[in-house]
file model-v5.cif (mmCIF, C-alpha atoms)
data_start
#
loop_
_atom_site.label_atom_id
_atom_site.label_comp_id
_atom_site.auth_asym_id
_atom_site.auth_seq_id
_atom_site.Cartn_x
_atom_site.Cartn_y
_atom_site.Cartn_z
CA MET A 1 278.21 61.59 126.88
CA ASP A 2 276.96 64.99 128.05
CA LEU A 3 273.32 65.85 127.35
CA LEU A 4 273.87 69.50 126.45
CA SER A 5 277.05 69.42 124.40
CA PRO A 6 276.43 68.95 120.69
CA GLU A 7 278.30 66.14 118.95
CA THR A 8 279.70 67.17 115.59
CA GLY A 9 279.30 63.64 114.29
CA THR A 10 275.58 63.51 115.07
CA MET A 11 275.13 66.99 113.64
CA PHE A 12 276.86 65.87 110.46
CA TRP A 13 274.63 62.81 110.16
CA THR A 14 271.54 64.90 110.87
CA ALA A 15 272.39 67.47 108.23
CA LEU A 16 273.29 64.79 105.68
CA THR A 17 270.15 62.73 106.36
CA PHE A 18 267.95 65.78 106.32
CA LEU A 19 269.38 67.24 103.12
CA LEU A 20 269.15 63.89 101.31
CA LEU A 21 265.57 63.52 102.54
CA LEU A 22 264.79 67.06 101.39
CA LEU A 23 266.27 66.36 97.97
CA VAL A 24 264.47 63.06 97.40
CA LEU A 25 261.14 64.09 98.92
CA GLY A 26 261.31 67.39 97.06
CA LYS A 27 261.45 65.47 93.81
CA LEU A 28 259.19 62.51 94.67
CA ALA A 29 256.56 64.02 96.94
CA TRP A 30 256.42 67.79 97.35
CA LYS A 31 256.77 68.69 93.69
CA PRO A 32 253.82 66.59 92.45
CA LEU A 33 251.81 67.47 95.54
CA VAL A 34 252.34 71.21 95.22
CA SER A 35 251.51 71.15 91.53
CA ALA A 36 248.34 69.15 92.31
CA LEU A 37 247.43 71.70 94.99
CA ASN A 38 248.02 74.57 92.60
CA GLU A 39 246.01 72.84 89.92
CA ARG A 40 243.16 72.29 92.36
CA GLU A 41 243.28 75.92 93.43
CA GLN A 42 243.21 76.96 89.79
CA ARG A 43 240.35 74.56 89.10
CA ILE A 44 238.32 75.87 92.04
CA ARG A 45 238.93 79.47 91.04
CA GLU A 46 237.91 78.73 87.45
CA SER A 47 234.81 76.84 88.57
CA LEU A 48 233.77 79.72 90.78
CA GLU A 49 234.31 82.18 87.97
CA LYS A 50 232.36 79.99 85.59
CA ALA A 51 229.51 79.62 88.05
CA GLU A 52 229.43 83.37 88.55
CA GLU A 53 229.44 83.92 84.81
CA ALA A 54 226.60 81.40 84.39
CA GLN A 55 224.66 83.12 87.14
CA ARG A 56 225.13 86.49 85.47
CA GLN A 57 224.09 85.03 82.11
CA ALA A 58 221.02 83.40 83.64
CA GLU A 59 219.99 86.66 85.29
CA LYS A 60 220.44 88.47 82.01
CA ASN A 61 218.36 85.84 80.22
CA ILE A 62 215.60 86.06 82.79
CA ALA A 63 215.51 89.83 82.46
CA GLU A 64 215.43 89.48 78.69
CA TYR A 65 212.62 86.96 78.77
CA GLN A 66 210.70 89.07 81.22
CA ALA A 67 211.00 92.05 78.93
CA MET A 68 209.92 89.93 75.99
CA LEU A 69 206.96 88.59 77.94
CA GLU A 70 205.96 92.10 78.95
CA LYS A 71 206.17 93.24 75.36
CA ALA A 72 204.12 90.27 74.11
CA ARG A 73 201.51 90.91 76.76
CA ALA A 74 201.25 94.57 75.81
CA GLU A 75 201.07 93.62 72.15
CA SER A 76 198.31 91.10 72.70
CA GLN A 77 196.41 93.66 74.76
CA GLU A 78 196.77 96.11 71.94
CA ILE A 79 195.60 93.57 69.37
CA ILE A 80 192.54 92.73 71.45
CA GLU A 81 191.77 96.43 71.91
CA ARG A 82 192.17 97.12 68.25
CA SER A 83 189.99 94.21 67.16
CA ARG A 84 187.38 95.23 69.66
CA LYS A 85 187.32 98.71 68.15
CA THR A 86 187.17 97.30 64.64
CA ALA A 87 184.31 95.05 65.62
CA GLU A 88 182.51 98.02 67.20
CA THR A 89 182.84 100.19 64.10
CA MET A 90 181.82 97.29 61.91
CA ARG A 91 178.74 96.68 64.00
CA GLU A 92 177.79 100.34 63.87
CA GLU A 93 178.33 100.42 60.13
CA ILE A 94 176.22 97.34 59.59
CA VAL A 95 173.42 98.72 61.74
CA GLU A 96 173.64 102.08 59.96
CA ASN A 97 173.56 100.42 56.58
CA ALA A 98 170.62 98.28 57.55
CA LYS A 99 168.75 101.32 58.79
CA LYS A 100 169.45 103.20 55.58
CA GLU A 101 168.45 100.23 53.50
CA ALA A 102 165.26 99.86 55.43
CA GLU A 103 164.49 103.53 55.04
CA ARG A 104 165.21 103.37 51.36
CA LEU A 105 162.97 100.36 50.93
CA LEU A 106 160.25 102.07 52.87
CA GLU A 107 160.57 105.21 50.79
CA ARG A 108 160.36 103.21 47.57
CA ALA A 109 157.42 101.25 48.78
CA LYS A 110 155.66 104.47 49.67
CA LYS A 111 156.38 105.97 46.28
CA GLU A 112 155.19 102.84 44.52
CA ILE A 113 152.05 102.82 46.56
CA ALA A 114 151.42 106.47 45.78
CA LEU A 115 152.02 105.87 42.13
CA GLU A 116 149.74 102.84 42.06
CA ARG A 117 147.08 104.80 43.84
CA GLU A 118 147.27 107.61 41.30
CA LYS A 119 147.09 105.10 38.48
CA ALA A 120 144.09 103.46 40.09
CA VAL A 121 142.36 106.82 40.60
CA ASP A 122 142.97 107.73 36.96
CA GLU A 123 141.58 104.43 35.79
CA ILE A 124 138.58 104.77 38.02
CA ARG A 125 138.09 108.26 36.68
CA LYS A 126 138.25 107.02 33.07
CA LEU A 127 135.93 104.18 33.89
CA ALA A 128 133.51 106.57 35.51
CA VAL A 129 133.53 108.80 32.43
CA ASP A 130 132.91 105.83 30.16
CA LEU A 131 130.16 104.49 32.39
CA SER A 132 128.50 107.85 32.67
CA LEU A 133 128.70 108.25 28.92
CA ILE A 134 127.06 104.94 28.36
CA ALA A 135 124.49 105.64 31.00
CA THR A 136 123.70 109.09 29.65
CA ARG A 137 123.41 107.81 26.09
CA LYS A 138 121.05 105.19 27.17
CA ALA A 139 119.04 107.60 29.28
CA ILE A 140 118.79 110.40 26.78
CA GLY A 141 118.78 108.22 23.68
CA LYS A 142 120.33 110.73 21.53
CA THR A 143 123.66 111.77 20.54
CA LEU A 144 124.92 114.78 22.13
CA THR A 145 127.12 117.33 20.67
CA PRO A 146 130.68 117.43 21.86
CA LYS A 147 129.64 120.55 23.68
CA ASP A 148 126.98 118.70 25.63
CA HIS A 149 129.51 115.95 26.24
CA GLU A 150 131.89 118.29 27.82
CA ALA A 151 129.20 119.79 30.04
CA LEU A 152 127.92 116.41 31.12
CA ILE A 153 131.36 115.03 31.87
CA GLN A 154 132.15 117.97 33.95
CA GLU A 155 128.92 117.51 35.87
CA ALA A 156 129.49 113.83 36.33
CA LEU A 157 133.03 114.36 37.44
CA LYS A 158 131.90 116.80 39.94
CA GLU A 159 129.43 114.36 41.30
CA ILE A 160 132.02 111.59 41.51
CA GLY A 161 134.50 113.92 43.04
CA ASP A 162 131.96 114.81 45.68
CA SER A 163 131.05 111.25 46.43
CA ASN A 164 134.62 110.30 46.56
CA MET B 1 262.22 75.29 134.20
CA VAL B 2 262.59 72.26 132.05
CA LEU B 3 266.26 72.94 131.57
CA ASN B 4 266.75 73.33 135.31
CA PHE B 5 265.26 69.93 135.78
CA VAL B 6 267.63 68.46 133.25
CA PHE B 7 270.57 70.21 134.88
CA THR B 8 269.68 68.81 138.26
CA LEU B 9 269.52 65.39 136.69
CA ILE B 10 272.97 65.88 135.23
CA GLN B 11 274.30 67.05 138.56
CA GLN B 12 272.76 64.07 140.25
CA HIS B 13 274.38 61.92 137.63
CA GLN B 14 277.78 63.52 138.21
CA THR B 15 277.56 63.43 141.98
CA ALA B 16 276.44 59.85 141.71
CA HIS B 17 279.67 59.09 139.88
CA GLY B 18 281.74 61.04 142.38
CA GLU B 19 280.31 59.45 145.44
CA GLU B 20 279.99 56.05 143.93
CA ALA B 21 282.70 54.54 146.09
CA ALA B 22 281.46 56.13 149.28
CA ALA B 23 277.78 55.59 148.57
CA ALA B 24 275.88 53.76 151.21
CA ALA B 25 273.64 50.88 150.26
CA GLY B 26 270.53 52.98 151.13
CA HIS B 27 271.29 55.59 148.44
CA GLY B 28 271.86 53.04 145.76
CA ALA B 29 268.27 52.95 144.49
CA GLU B 30 267.97 56.76 144.01
CA GLN B 31 271.27 57.10 142.22
CA GLY B 32 270.40 54.15 140.05
CA THR B 33 267.15 55.88 139.01
CA GLY B 34 268.95 59.04 137.91
CA GLU B 35 271.35 57.00 135.86
CA PHE B 36 268.50 54.97 134.39
CA ILE B 37 266.70 58.08 133.19
CA LEU B 38 269.84 59.71 131.84
CA HIS B 39 270.81 56.56 130.07
CA HIS B 40 267.46 56.48 128.31
CA ILE B 41 267.44 60.06 127.13
CA SER B 42 271.09 60.29 126.08
CA ASP B 43 272.63 59.04 122.92
CA GLN B 44 274.81 55.90 122.68
CA PRO B 45 277.04 54.87 119.85
CA LEU B 46 275.92 51.62 118.22
CA VAL B 47 278.54 51.23 115.50
CA HIS B 48 281.94 52.79 116.07
CA LEU B 49 283.38 54.45 113.00
CA PRO B 50 286.80 56.07 112.64
CA THR B 51 287.18 59.77 113.43
CA VAL B 52 287.47 61.94 110.30
CA PHE B 53 289.02 65.44 110.73
CA GLY B 54 288.31 65.23 114.44
CA ILE B 55 284.65 64.34 113.86
CA ASP B 56 283.41 61.17 115.46
CA LEU B 57 281.26 59.60 112.74
CA SER B 58 279.93 56.75 114.90
CA ILE B 59 276.39 55.66 114.16
CA THR B 60 274.50 56.32 117.36
CA LYS B 61 271.05 55.34 118.61
CA HIS B 62 269.60 58.66 117.54
CA VAL B 63 271.19 58.52 114.09
CA LEU B 64 269.65 55.10 113.59
CA MET B 65 266.21 56.37 114.74
CA MET B 66 266.59 59.32 112.40
CA TRP B 67 267.31 56.98 109.52
CA ILE B 68 264.33 54.79 110.35
CA SER B 69 261.99 57.80 110.35
CA ALA B 70 263.61 59.09 107.16
CA VAL B 71 262.99 55.77 105.42
CA LEU B 72 259.39 55.78 106.72
CA MET B 73 258.85 59.28 105.39
CA LEU B 74 260.36 58.41 102.03
CA ALA B 75 258.20 55.32 101.63
CA LEU B 76 255.01 56.98 102.85
CA PHE B 77 255.21 60.26 101.00
CA SER B 78 256.59 59.00 97.71
CA VAL B 79 253.74 56.46 97.59
CA LEU B 80 251.06 58.92 98.71
CA PHE B 81 252.11 61.94 96.70
CA GLY B 82 254.14 60.41 93.88
CA ARG B 83 251.10 60.65 91.69
CA ALA B 84 249.14 63.30 93.55
CA LYS B 85 245.57 63.33 92.39
CA LEU B 86 243.20 66.24 92.11
CA VAL B 87 240.82 64.58 94.55
CA PRO B 88 242.86 62.74 97.22
CA ARG B 89 241.54 59.79 99.22
CA GLY B 90 242.27 58.18 102.57
CA LEU B 91 245.74 58.58 104.02
CA ALA B 92 246.85 60.93 101.25
CA ASN B 93 243.89 63.12 102.14
CA MET B 94 244.94 63.21 105.80
CA PHE B 95 248.54 64.18 105.11
CA GLU B 96 247.45 66.59 102.44
CA ALA B 97 245.21 68.35 104.96
CA ILE B 98 248.28 68.88 107.17
CA ILE B 99 250.29 70.23 104.27
CA VAL B 100 247.47 72.51 103.14
CA PHE B 101 247.29 73.79 106.72
CA LEU B 102 251.03 74.56 106.69
CA ARG B 103 250.67 76.15 103.28
CA GLU B 104 247.79 78.42 104.24
CA ASP B 105 248.77 79.25 107.83
CA VAL B 106 252.56 79.18 107.74
CA VAL B 107 253.95 79.59 104.23
CA LYS B 108 251.52 82.19 102.88
CA PRO B 109 251.24 84.53 105.90
CA TYR B 110 254.94 84.57 106.82
CA LEU B 111 256.63 84.20 103.45
CA GLY B 112 254.04 85.60 101.07
CA ASN B 113 254.80 85.31 97.40
CA ASP B 114 258.35 84.04 98.00
CA GLY B 115 256.88 81.12 99.95
CA HIS B 116 256.83 78.53 97.20
CA ARG B 117 260.66 78.39 97.15
CA PHE B 118 260.79 77.31 100.80
CA GLU B 119 257.79 74.98 100.73
CA PRO B 120 259.84 71.75 100.31
CA TYR B 121 262.17 72.73 103.17
CA LEU B 122 259.34 73.59 105.54
CA TYR B 123 257.29 70.48 104.75
CA THR B 124 260.35 68.23 105.11
CA VAL B 125 261.39 69.85 108.37
CA PHE B 126 257.85 69.56 109.78
CA PHE B 127 257.47 65.87 109.02
CA PHE B 128 261.10 65.08 109.90
CA ILE B 129 260.59 66.56 113.36
CA LEU B 130 257.10 65.06 113.75
CA PHE B 131 258.22 61.55 112.82
CA ASN B 132 261.29 61.77 115.06
CA ASN B 133 259.19 63.12 117.92
CA LEU B 134 256.74 60.25 117.57
CA MET B 135 259.56 57.70 117.36
CA GLY B 136 260.29 58.43 121.01
CA LEU B 137 256.77 57.35 121.98
CA ILE B 138 257.15 53.91 120.43
CA PRO B 139 258.49 51.29 122.86
CA GLY B 140 262.10 50.62 122.00
CA GLY B 141 262.32 53.80 119.99
CA ALA B 142 264.00 57.08 120.84
CA SER B 143 263.49 60.71 119.90
CA ALA B 144 266.35 62.00 117.81
CA THR B 145 264.80 65.44 118.38
CA GLY B 146 265.55 64.97 122.08
CA ASN B 147 269.21 65.28 121.12
CA ILE B 148 270.71 68.78 121.09
CA SER B 149 273.01 67.86 118.17
CA VAL B 150 270.04 67.01 115.95
CA THR B 151 268.00 70.12 116.81
CA ALA B 152 271.12 72.29 116.52
CA ALA B 153 271.80 70.92 113.03
CA LEU B 154 268.21 71.70 111.99
CA ALA B 155 268.35 75.18 113.50
CA ILE B 156 271.63 75.86 111.71
CA LEU B 157 269.98 74.79 108.43
CA THR B 158 267.15 77.26 109.03
CA PHE B 159 269.71 79.93 109.90
CA LEU B 160 271.73 79.28 106.74
CA ILE B 161 268.63 79.27 104.54
CA GLY B 162 267.48 82.57 106.07
CA LEU B 163 270.96 84.05 105.66
CA LEU B 164 271.29 82.97 102.02
CA ALA B 165 267.71 84.03 101.14
CA GLY B 166 268.28 87.40 102.84
CA MET B 167 271.56 87.92 101.01
CA LYS B 168 269.94 86.95 97.74
CA ALA B 169 267.12 89.44 98.32
CA HIS B 170 269.22 92.38 99.55
CA GLY B 171 272.79 91.55 98.53
CA ALA B 172 275.48 90.35 100.97
CA PHE B 173 276.23 93.87 102.19
CA GLY B 174 272.61 95.06 101.99
CA PHE B 175 271.44 92.22 104.21
CA PHE B 176 273.77 93.14 107.09
CA LYS B 177 273.08 96.83 106.56
CA GLY B 178 269.35 96.11 106.69
CA LEU B 179 269.70 94.46 110.11
CA VAL B 180 270.02 97.91 111.68
CA PRO B 181 266.80 99.89 111.57
CA PRO B 182 267.15 103.05 109.44
CA GLY B 183 266.96 106.56 110.84
CA LEU B 184 269.16 106.03 113.93
CA PRO B 185 271.87 108.35 115.28
CA LYS B 186 275.23 107.35 113.77
CA VAL B 187 276.67 106.57 117.20
CA LEU B 188 274.10 103.89 117.87
CA VAL B 189 274.60 102.03 114.59
CA PRO B 190 277.60 99.86 115.62
CA LEU B 191 275.98 99.02 118.93
CA LEU B 192 272.70 98.05 117.35
CA PHE B 193 274.50 96.05 114.68
CA VAL B 194 276.10 93.91 117.36
CA VAL B 195 272.77 93.57 119.18
CA GLU B 196 270.96 92.55 116.01
CA ILE B 197 273.63 89.97 115.12
CA MET B 198 273.35 88.56 118.62
CA GLY B 199 269.57 88.49 118.29
CA LEU B 200 269.83 86.69 114.98
CA ILE B 201 272.03 83.99 116.51
CA THR B 202 270.04 83.80 119.75
CA LYS B 203 266.68 83.20 118.10
CA HIS B 204 268.07 80.26 116.14
CA PHE B 205 269.81 78.99 119.26
CA ALA B 206 266.47 79.17 121.08
CA LEU B 207 264.88 77.30 118.17
CA ALA B 208 267.26 74.37 118.78
CA ILE B 209 266.93 74.47 122.57
CA ARG B 210 263.10 74.70 122.50
CA LEU B 211 262.63 71.52 120.51
CA PHE B 212 265.33 69.62 122.39
CA ALA B 213 264.06 70.67 125.82
CA ASN B 214 260.42 69.94 125.06
CA MET B 215 261.15 66.47 123.79
CA THR B 216 263.62 65.64 126.55
CA ALA B 217 261.36 66.95 129.32
CA GLY B 218 258.45 64.75 128.29
CA HIS B 219 260.63 61.65 128.24
CA VAL B 220 262.19 62.55 131.59
CA VAL B 221 258.76 62.96 133.19
CA ILE B 222 257.50 59.65 131.84
CA LEU B 223 260.69 57.86 132.87
CA ALA B 224 260.61 59.44 136.33
CA LEU B 225 257.02 58.35 136.82
CA ILE B 226 257.87 54.81 135.76
CA SER B 227 260.92 54.86 138.05
CA LEU B 228 258.59 55.56 140.98
CA ILE B 229 257.15 52.09 140.52
CA PHE B 230 260.55 50.52 141.03
CA LEU B 231 261.37 52.84 143.92
CA PHE B 232 258.25 51.95 145.87
CA LYS B 233 258.11 48.31 144.80
CA SER B 234 254.37 48.18 145.46
CA TYR B 235 251.58 47.08 143.10
CA LEU B 236 249.11 49.41 144.81
CA ILE B 237 251.23 52.53 144.42
CA ALA B 238 252.24 51.45 140.90
CA LEU B 239 248.79 52.32 139.66
CA LEU B 240 249.24 56.05 140.21
CA PRO B 241 252.49 56.49 138.26
CA LEU B 242 251.02 54.25 135.58
CA VAL B 243 247.98 56.49 135.11
CA GLY B 244 250.26 59.53 135.23
CA ALA B 245 252.65 58.06 132.66
CA VAL B 246 249.80 57.25 130.29
CA GLY B 247 248.47 60.80 130.69
CA ILE B 248 251.88 62.33 130.06
CA GLY B 249 252.29 59.95 127.10
CA LEU B 250 249.09 61.27 125.57
CA LEU B 251 250.25 64.81 126.23
CA GLU B 252 253.50 63.89 124.49
CA VAL B 253 251.60 63.05 121.29
CA LEU B 254 250.16 66.56 121.38
CA VAL B 255 253.56 68.09 122.22
CA ALA B 256 255.17 66.14 119.37
CA MET B 257 252.80 67.77 116.89
CA ILE B 258 252.88 71.23 118.47
CA GLN B 259 256.69 71.31 118.57
CA ALA B 260 256.97 70.19 114.95
CA TYR B 261 254.53 72.95 114.03
CA ILE B 262 256.33 75.58 116.15
CA PHE B 263 259.73 74.75 114.68
CA THR B 264 258.29 74.95 111.15
CA MET B 265 256.40 78.17 111.85
CA LEU B 266 259.39 79.87 113.48
CA SER B 267 261.63 78.75 110.61
CA ALA B 268 259.19 80.40 108.22
CA VAL B 269 259.07 83.53 110.40
CA PHE B 270 262.88 83.79 110.56
CA ILE B 271 263.33 83.20 106.83
CA GLY B 272 260.53 85.68 106.15
CA ALA B 273 262.18 88.25 108.43
CA ALA B 274 265.47 87.81 106.57
CA ILE B 275 263.76 88.39 103.20
CA HIS B 276 261.49 91.25 104.25
CA GLN B 277 263.69 93.46 106.40
CA GLU B 278 261.09 95.96 107.50
CA HIS B 279 261.51 97.48 110.90
#
call {"tool": "encode", "arguments": {"input": "model-v5.cif", "output": "structure tokens"}}
result
Amino acid sequence: MDLLSPETGTMFWTALTFLLLLLVLGKLAWKPLVSALNEREQRIRESLEKAEEAQRQAEKNIAEYQAMLEKARAESQEIIERSRKTAETMREEIVENAKKEAERLLERAKKEIALEREKAVDEIRKLAVDLSLIATRKAIGKTLTPKDHEALIQEALKEIGDSN
Amino acid sequence: MVLNFVFTLIQQHQTAHGEEAAAAAGHGAEQGTGEFILHHISDQPLVHLPTVFGIDLSITKHVLMMWISAVLMLALFSVLFGRAKLVPRGLANMFEAIIVFLREDVVKPYLGNDGHRFEPYLYTVFFFILFNNLMGLIPGGASATGNISVTAALAILTFLIGLLAGMKAHGAFGFFKGLVPPGLPKVLVPLLFVVEIMGLITKHFALAIRLFANMTAGHVVILALISLIFLFKSYLIALLPLVGAVGIGLLEVLVAMIQAYIFTMLSAVFIGAAIHQEH
């Protein structure tokens, strides 16, 4: 048997064996294997896409939350500022009011005092007239005419006014 | 180089037969070695079957080895991949890694989107060659791929698949027309057509020879090294050929895988070239 001359019989057996093997393995092994490989490829691609999508979503959420946080911070700052201003104006108002009230009270007190003083002076004046009348009557012992009265009162008043 | 070596062996074998009667007793050992090696690498009929249409259908040593590896492949792959899981384990994982490698580095680059149609052929051819190559490394086994008839049959299958796929893609006439690069002077077209046809046949012929020669050469080297032991008949000298034979044996494991890969890759390249006729 020569080493380099092909034998048709062996070639026939090779082709037959190989084709049968191809047919059976194609059905039993390669078909399920290839579909599993394809499925895995699909699965990996989908997983990657999903992961990317999740990443994008997460980044979007973070940006959103950051914006919200920024807004809340600004808002709270504004609220604090506003309440500070309100408190300031309120304080000023209260102080102003208190000052006015105090002034008013002072004014009234002054007026009342002045009034009381006048009243007191009047009373004293009347009392002085009466006293002088009594004193004069007793001293002179006679009744004076209204004309004398008038002149005496005036004199007495003058004296009191001077001593005052 | 490898072929030359084989040819010298054959010549030795023939001259050994011719001079058999006249051979002196001193030459007997050398001639016996040549015959021993040739006997081991050549095919022998085991069961004689009648000749049908001039074809000798005898079951030979290599046919038997081929059947054994075919049965092994059937058992292994139908069990491993019969219910292929999304997450493979163990042995299935190992073989799947090989197939994924072929898929990504052979099928997709050379065949592109048409690749999936040829996947079963390429996977089967890869493992068929690999298993048969490895059969030759088992004691008592033999490499069917070290037989030119077997590699020729496989190369013819690749050729036919490429031819049919090319004809399907471009039409029977379009395929042969596409062999000649466009834009040539009219005078050159017949010449180039003949050259291209020859090239088409030659590259498939080389495909058969490459696998056969590589497998045969390795066996010849191992057998020659082992023969040295019997030539020298010395325990001391036996150590050297032994170490050499083990080294070559290890190299053979590598060659078995590389040749299976090369045959598969070139099959994909040739089929791809037949489908995509760009020049």
call {"tool": "closest_atom_pairs", "arguments": {"input": "model-v5.cif", "of": "chain B", "to": "chain A", "cutoff": "6 Å", "atoms": "only C-alpha atoms", "output": "CSV"}}
result
residue,atom,partner,partner_atom,distance
B:Ile55,CA,A:Gly9,CA,5.4
B:Asp56,CA,A:Gly9,CA,4.9
B:Leu57,CA,A:Gly9,CA,4.8
B:Phe77,CA,A:Ala29,CA,5.7
B:Ser78,CA,A:Ala29,CA,5.1
B:Phe81,CA,A:Ala29,CA,4.9
B:Gly82,CA,A:Ala29,CA,5.3
B:Ala84,CA,A:Leu33,CA,5.3
B:Leu86,CA,A:Ala36,CA,5.9
B:Pro120,CA,A:Gly26,CA,5.6
B:Thr124,CA,A:Leu22,CA,5.9
B:Ile148,CA,A:Pro6,CA,5.7
B:Ser149,CA,A:Pro6,CA,4.4
B:Val150,CA,A:Met11,CA,5.6
B:Ala153,CA,A:Met11,CA,5.2
call {"tool": "closest_residue", "arguments": {"input": "model-v5.cif", "among": "B:Phe263, B:Ile222, B:Ala152, B:Glu196", "to": "Val246 of chain B", "atoms": "only C-alpha atoms"}}
result
B:Ile222
call {"tool": "closest_residue", "arguments": {"input": "model-v5.cif", "among": "B:Asn93, B:Asn147, B:Thr264, B:Thr158", "to": "Asp43 of chain B", "atoms": "all atoms listed in the file"}}
result
B:Asn147
call {"tool": "resolve_selection", "arguments": {"input": "model-v5.cif", "expression": "the PyMOL selection byres ((chain A and resi 142-159) around 8)", "output": "ChimeraX atom specification"}}
result
/A:125,129,132-133,137-138,140-141,160-163
call {"tool": "resolve_selection", "arguments": {"input": "model-v5.cif", "expression": "the PyMOL selection byres ((chain B and resi 223) around 10)", "output": "PyMOL selection string"}}
result
chain B and resi 33-34+36-38+40-41+217-222+224-228+241+245
call {"tool": "atom_distance", "arguments": {"input": "model-v5.cif", "atom1": "atom CA of Val253 of chain B", "atom2": "atom CA of Gly140 of chain B"}}
result
16.3 Å
call {"tool": "axis_aligned_box", "arguments": {"input": "model-v5.cif", "around": "segment 119-137 of chain B", "padding_each_side": "6 Å", "output": "JSON"}}
result
{"center_x": 259.5, "center_y": 66.2, "center_z": 111.1, "size_x": 17.4, "size_y": 29.6, "size_z": 33.7}
call {"tool": "atom_distance", "arguments": {"input": "model-v5.cif", "atom1": "atom CA of Leu200 of chain B", "atom2": "atom CA of Phe159 of chain B"}}
result
8.5 Å
call {"tool": "atom_distance", "arguments": {"input": "model-v5.cif", "atom1": "atom CA of Ala274 of chain B", "atom2": "atom CA of Ile262 of chain B"}}
result
18.0 Å
call {"tool": "residues_around", "arguments": {"input": "model-v5.cif", "residues": "His204 of chain B", "least_positions_apart": "3", "cutoff": "12 Å", "atoms": "only C-alpha atoms", "output": "ChimeraX atom specification"}}
result
/B:151-163,197-201,207-211,263,266-271
call {"tool": "residues_around", "arguments": {"input": "model-v5.cif", "residues": "Ala70 of chain B", "least_positions_apart": "3", "cutoff": "9 Å", "atoms": "all atoms listed in the file", "output": "list in words"}}
result
Thr17, Phe18 and Leu21 of chain A; Met65, Met66, Trp67, Met73, Leu74, Ala75, Phe128, Phe131 and Asn132 of chain B
call {"tool": "write_last_selection", "arguments": {"input": "model-v5.cif", "atoms": "C-alpha atoms", "output": "CSV table (one decimal), in the frame of the given file"}}
result
chain,number,residue,atom,x,y,z
A,17,THR,CA,270.2,62.7,106.4
A,18,PHE,CA,268.0,65.8,106.3
A,21,LEU,CA,265.6,63.5,102.5
B,65,MET,CA,266.2,56.4,114.7
B,66,MET,CA,266.6,59.3,112.4
B,67,TRP,CA,267.3,57.0,109.5
B,73,MET,CA,258.8,59.3,105.4
B,74,LEU,CA,260.4,58.4,102.0
B,75,ALA,CA,258.2,55.3,101.6
B,128,PHE,CA,261.1,65.1,109.9
B,131,PHE,CA,258.2,61.6,112.8
B,132,ASN,CA,261.3,61.8,115.1
